[in-house]
Amino acid sequence: MGRDKYYLAIMGATGAVGNCMLKILEERNFPVGNLKLLASERSVGKKLSFKGKEYTVEELKENSFKGVELVLSSAGASRSKQFVPHAVKAGAVVIDNTSFFRMDPVVPLVVPEVNPQDIKKHKGIIANPNCSTIQMVVALAPIHRKVGIKRIVVSTYQSVSGAGQAHINELCSQTKQWVNGEKVEVAQFPFQIAFNLIPQIDVFLDNGYTKEEMKMVNETRKIFGDTSIQVNATCVRVPVFYAHSESVTVETKEKISPQEVRELLSIAPGVVIIDDPSKQKYPMPFDAGGTDPVYVGRIRDDVSSSSGISMWIVADNLRKGAALNAVQIAEELIK
Ligand code: NAP
Ligand code: 12T
C-alpha cells in the first residue's frame with residue numbers, strides 16, 4: 001500500500017463496533033477515499049454520516065467488493081466466513097474483527113503494541129483478537145518481554161456492549177423496567193443482566209470452559225508466539241455498558257517487583273497507569289468508556305506465590321478491544 005486515499009468498506013457498519021469504527025476513522029483522520037457501508041438487508045437505505053457527509057447503507061453481498069482496497073469487518077463470524085474470501089478475491093486486504101479466522105495459521109493475529117511485525121505476513125486477511133485478549137496482552141507484553149510469563153489466571157468483568165447494540169439496549173430497558181417495578185423482559189442475554197452477573201460468555205465447550213475463555217487461552221499464545229504460556233480464564237458478563245475489566249495474576253519466570261512493573265508499564269505504548277491506593281485511585285470502567293488507553297492499577301505482589309504479580313486492567317472494549325485496534329492495524333498497513 002502507501003497511497004493518499006483508500007477505497008474502504010465496512011462490513012457491519014450499523015453495529016456497535018461498526019459505528020465505533022466510523023468515529024475512530026474520523027478522529028484519526030484515516031485517509032478514506034470512497035467509503036462503502038455494508039450491513040444486512042434490514043439496514044438497506046439507512047444513512048450514516050462520516051466527516052459531515054451522508055452515506056447510504058448497502059446490503060452485504062458477495063459482489064460488494066469491486067475496487068475496494070481495505071475492508072474492516074465486524075458483521076459476525078458467519079458473515080466473515082461467507083464474505084471475506086470474496087473481498088480477498090476482489091483484491092482487498094481484510095481486517096477481520098470476528099473470531100472466524102483468528103486461529104487460522106496463515107492469518108496473523110495482531111495487536112500493534114505487541115506483535116506489529118506479524119502484519120506483513122498477511123495473505124489478504126489480518127485478524128483482530130478478542131476484546132478481552134487485546135487489553136490483557138497490551139498490559140502483559142512488557143512484563144513477558146522482561147522476565148517471561150509462565151502462567152496467567154484471569155477473571156473478566158465484561159460489559160454488555162461486547163455483545164452488540166441489541167444487548168446495550170437490553171441492559172437499558174431492563175434497568176428501567178426493574179426500577180419501575182415492571183416485568184423485566186429477557187430477550188438477548190440468556191438471563192436478566194440488570195442487577196445480575198452471568199458467568200457465561202459464548203457457548204460451553206467439552207472441557208467445561210466457555211469458548212470466550214478458550215479464546216483468551218489460545219489467542220494469548222498466538223499473539224505472544226509462545227505456546228508454553230498457561231492461561232486460565234473465567235469470563236463474566238456484568239451490568240456495565242462500556243469497558244471490560246480484568247483481575248489478572250501472572251506467575252513470572254524471574255521475580256519482578258510491583259515497582260518494576262510500574263516502571264515498565266509507565267513507558268509501555270497504549271498503557272496508562274492509575275495506581276495510588278492511598279488516594280483511592282484505580283481504573284474503573286465508567287471512566288475508561290469512550291477513551292483509547294488500556295488502564296492498569298492495583299499492581300501488587302501475589303501474596304500466595306514467590307514470583308507472582310496481580311493487577312487490574314480496564315479498557316473500552318469497543319475501542320481498544322475492537323475498532324481502535326483494527327484501525328491501528330490499518331494505519332500500520334498503509335505506512
Ligand atoms: P452488533 O451491534 O450486533 O452489529 C452487528 C452488525 O453485523 C450490524 O451491522 C448488522 O447489520 C451486521 N449483520 C448482522 N447480520 C448480518 C447479515 N446477515 N448480513 C450482513 N450484515 C449483518 O454487533 P457488534 O458488537 O458490532 O459486533 C459485530 C461483530 O464484531 C461480532 O459478531 C463479533 O464477531 C465482532 N466483535 C469483535 C470484538 C473484538 O473483540 N474484536 C468485539 C466485539 C465484537 P444490521 O444492523 O443490518 O443488522
Ligand atoms: N461472544 O469477537 O459477547 O470473539 O462479548 C466478542 C465479544 C465474542 C469475539 C461478547 C463474544 C467476541 C463477545
# chains A, B, ... in the order shown; residues from 1 in each chain; ligands from 1

call {"tool": "residues_around", "arguments": {"residues": "Thr175 in chain A", "least_positions_apart": "2", "cutoff": "9 Å", "atoms": "only C-alpha atoms", "output": "JSON, numbers by chain"}}
result
{"A": [170, 171, 172, 173, 177, 178, 179, 180, 184, 193, 194, 195]}

call {"tool": "select_by_dssp", "arguments": {"residues": "range 39-267 of chain A", "states": "strand (DSSP E)", "output": "PyMOL selection string"}}
result
chain A and resi 39+47-50+53-56+58-59+70-73+93-96+125-127+149-158+230-237+244-252

call {"tool": "residues_around", "arguments": {"residues": "His244 in chain A", "least_positions_apart": "4", "cutoff": "10 Å", "atoms": "only C-alpha atoms", "output": "PyMOL selection string"}}
result
chain A and resi 131-132+135+156-162+236-238+240+284-286+288-289+313-318+321

call {"tool": "residues_around", "arguments": {"residues": "range 213-225 of chain A", "least_positions_apart": "4", "cutoff": "8 Å", "atoms": "only C-alpha atoms", "output": "list in words"}}
result
Arg102, Met103, Leu109, Val110, Val111, Val114, Asn115, Pro129, Asn130, Ser132, Thr133, Val137, Ala141, Ile201, Tyr209, Ile229, Gln230, Val231, Asn232, Ala233, Thr234 and Cys235 of chain A

call {"tool": "write_last_selection", "arguments": {"atoms": "C-alpha atoms", "output": "PDB file, in the first residue's frame"}}
result
ATOM      1  CA  ARG A 102      -8.152 -15.810  14.402  1.00  0.00           C
ATOM      2  CA  MET A 103      -6.618 -19.236  14.899  1.00  0.00           C
ATOM      3  CA  LEU A 109      -3.482 -12.149  14.810  1.00  0.00           C
ATOM      4  CA  VAL A 110      -2.292  -8.671  15.665  1.00  0.00           C
ATOM      5  CA  VAL A 111      -2.150  -6.148  18.478  1.00  0.00           C
ATOM      6  CA  VAL A 114       2.654  -6.276  20.871  1.00  0.00           C
ATOM      7  CA  ASN A 115       3.319  -8.016  17.526  1.00  0.00           C
ATOM      8  CA  PRO A 129      -8.137 -10.567  18.617  1.00  0.00           C
ATOM      9  CA  ASN A 130     -10.980 -10.858  21.089  1.00  0.00           C
ATOM     10  CA  SER A 132     -10.619  -9.353  26.478  1.00  0.00           C
ATOM     11  CA  THR A 133      -7.418 -10.753  24.996  1.00  0.00           C
ATOM     12  CA  VAL A 137      -1.779  -8.628  26.219  1.00  0.00           C
ATOM     13  CA  ALA A 141       3.609  -7.827  26.886  1.00  0.00           C
ATOM     14  CA  ILE A 201     -19.947 -15.625  27.537  1.00  0.00           C
ATOM     15  CA  TYR A 209     -14.778 -23.686  29.814  1.00  0.00           C
ATOM     16  CA  ILE A 229       2.185 -19.859  28.371  1.00  0.00           C
ATOM     17  CA  GLN A 230      -0.532 -21.351  30.555  1.00  0.00           C
ATOM     18  CA  VAL A 231      -3.778 -19.369  30.802  1.00  0.00           C
ATOM     19  CA  ASN A 232      -6.815 -19.994  32.982  1.00  0.00           C
ATOM     20  CA  ALA A 233      -9.723 -17.641  32.235  1.00  0.00           C
ATOM     21  CA  THR A 234     -13.171 -17.110  33.733  1.00  0.00           C
ATOM     22  CA  CYS A 235     -15.319 -14.725  31.676  1.00  0.00           C
TER      23      CYS A 235
END

call {"tool": "residues_around", "arguments": {"residues": "range 70-78 of chain A", "least_positions_apart": "2", "cutoff": "7 Å", "atoms": "only C-alpha atoms", "output": "list in words"}}
result
Tyr7, Leu8, Ala9, Ile10, Met11, Gly12, Val17, Gly18, Val68, Ser80, Lys81, Gln82, Ala92, Val93, Val94, Ile95, Asp96, Asn97, Thr98, Ser99 and Phe100 of chain A

call {"tool": "atom_distance", "arguments": {"atom1": "CA of Phe191 in chain A", "atom2": "atom 16 (C, counted along the ligand's line) of ligand 1"}}
result
23.8 Å

call {"tool": "closest_residue", "arguments": {"among": "A:Pro258, A:Lys253, A:Pro283, A:Ile24", "to": "Ile149 in chain A", "atoms": "only C-alpha atoms"}}
result
A:Lys253

call {"tool": "closest_residue", "arguments": {"among": "A:Thr14, A:Ser49, A:Asn128, A:Ser155", "to": "ligand 2", "atoms": "only C-alpha atoms and all ligand atoms"}}
result
A:Asn128

call {"tool": "select_by_dssp", "arguments": {"residues": "range 113-146 of chain A", "states": "helix (DSSP H, G or I)", "output": "PyMOL selection string"}}
result
chain A and resi 116-121+131-146

call {"tool": "write_last_selection", "arguments": {"atoms": "N, CA and C atoms", "output": "tab-separated table (two decimals), in the first residue's frame"}}
result
chain	number	residue	atom	x	y	z
A	116	PRO	N	3.47	-6.09	15.99
A	116	PRO	CA	3.25	-5.43	14.70
A	116	PRO	C	3.97	-6.13	13.56
A	117	GLN	N	5.09	-6.82	13.90
A	117	GLN	CA	5.88	-7.50	12.87
A	117	GLN	C	5.08	-8.58	12.14
A	118	ASP	N	4.01	-9.08	12.75
A	118	ASP	CA	3.22	-10.15	12.11
A	118	ASP	C	2.33	-9.61	10.98
A	119	ILE	N	2.10	-8.30	10.96
A	119	ILE	CA	1.20	-7.73	9.93
A	119	ILE	C	1.69	-8.08	8.53
A	120	LYS	N	2.99	-7.96	8.32
A	120	LYS	CA	3.49	-8.12	6.94
A	120	LYS	C	3.44	-9.56	6.43
A	121	LYS	N	3.11	-10.50	7.30
A	121	LYS	CA	2.99	-11.90	6.85
A	121	LYS	C	1.62	-12.19	6.24
A	131	CYS	N	-11.74	-8.92	22.35
A	131	CYS	CA	-11.59	-7.72	23.17
A	131	CYS	C	-10.86	-7.98	24.50
A	132	SER	N	-11.23	-9.08	25.17
A	132	SER	CA	-10.62	-9.35	26.48
A	132	SER	C	-9.15	-9.72	26.34
A	133	THR	N	-8.81	-10.40	25.24
A	133	THR	CA	-7.42	-10.75	25.00
A	133	THR	C	-6.59	-9.50	24.73
A	134	ILE	N	-7.13	-8.60	23.89
A	134	ILE	CA	-6.34	-7.44	23.48
A	134	ILE	C	-5.87	-6.63	24.69
A	135	GLN	N	-6.79	-6.27	25.57
A	135	GLN	CA	-6.38	-5.39	26.67
A	135	GLN	C	-5.42	-6.10	27.62
A	136	MET	N	-5.58	-7.40	27.76
A	136	MET	CA	-4.68	-8.14	28.65
A	136	MET	C	-3.27	-8.20	28.07
A	137	VAL	N	-3.14	-8.49	26.77
A	137	VAL	CA	-1.78	-8.63	26.22
A	137	VAL	C	-1.07	-7.28	26.09
A	138	VAL	N	-1.84	-6.20	25.90
A	138	VAL	CA	-1.19	-4.88	25.86
A	138	VAL	C	-0.49	-4.62	27.20
A	139	ALA	N	-1.16	-4.97	28.30
A	139	ALA	CA	-0.59	-4.72	29.63
A	139	ALA	C	0.49	-5.74	30.00
A	140	LEU	N	0.36	-6.97	29.52
A	140	LEU	CA	1.31	-8.02	29.94
A	140	LEU	C	2.55	-8.13	29.07
A	141	ALA	N	2.48	-7.64	27.81
A	141	ALA	CA	3.61	-7.83	26.89
A	141	ALA	C	4.93	-7.30	27.46
A	142	PRO	N	4.96	-6.10	28.05
A	142	PRO	CA	6.24	-5.61	28.58
A	142	PRO	C	6.80	-6.50	29.69
A	143	ILE	N	5.92	-7.11	30.48
A	143	ILE	CA	6.36	-8.00	31.56
A	143	ILE	C	6.89	-9.30	30.96
A	144	HIS	N	6.16	-9.80	29.96
A	144	HIS	CA	6.59	-11.05	29.31
A	144	HIS	C	7.96	-10.87	28.66
A	145	ARG	N	8.17	-9.71	28.02
A	145	ARG	CA	9.47	-9.46	27.37
A	145	ARG	C	10.60	-9.38	28.39
A	146	LYS	N	10.30	-8.78	29.53
A	146	LYS	CA	11.35	-8.54	30.52
A	146	LYS	C	11.70	-9.80	31.32

call {"tool": "closest_residue", "arguments": {"among": "A:Leu333, A:Phe30, A:Asn325, A:Gly308", "to": "Ile125 in chain A", "atoms": "only C-alpha atoms"}}
result
A:Leu333

call {"tool": "closest_residue", "arguments": {"among": "A:Lys5, A:Arg79, A:Lys66, A:Arg28", "to": "Val327 in chain A", "atoms": "only C-alpha atoms"}}
result
A:Arg28

call {"tool": "atom_distance", "arguments": {"atom1": "CA of Ser64 in chain A", "atom2": "CA of Gly33 in chain A"}}
result
16.5 Å
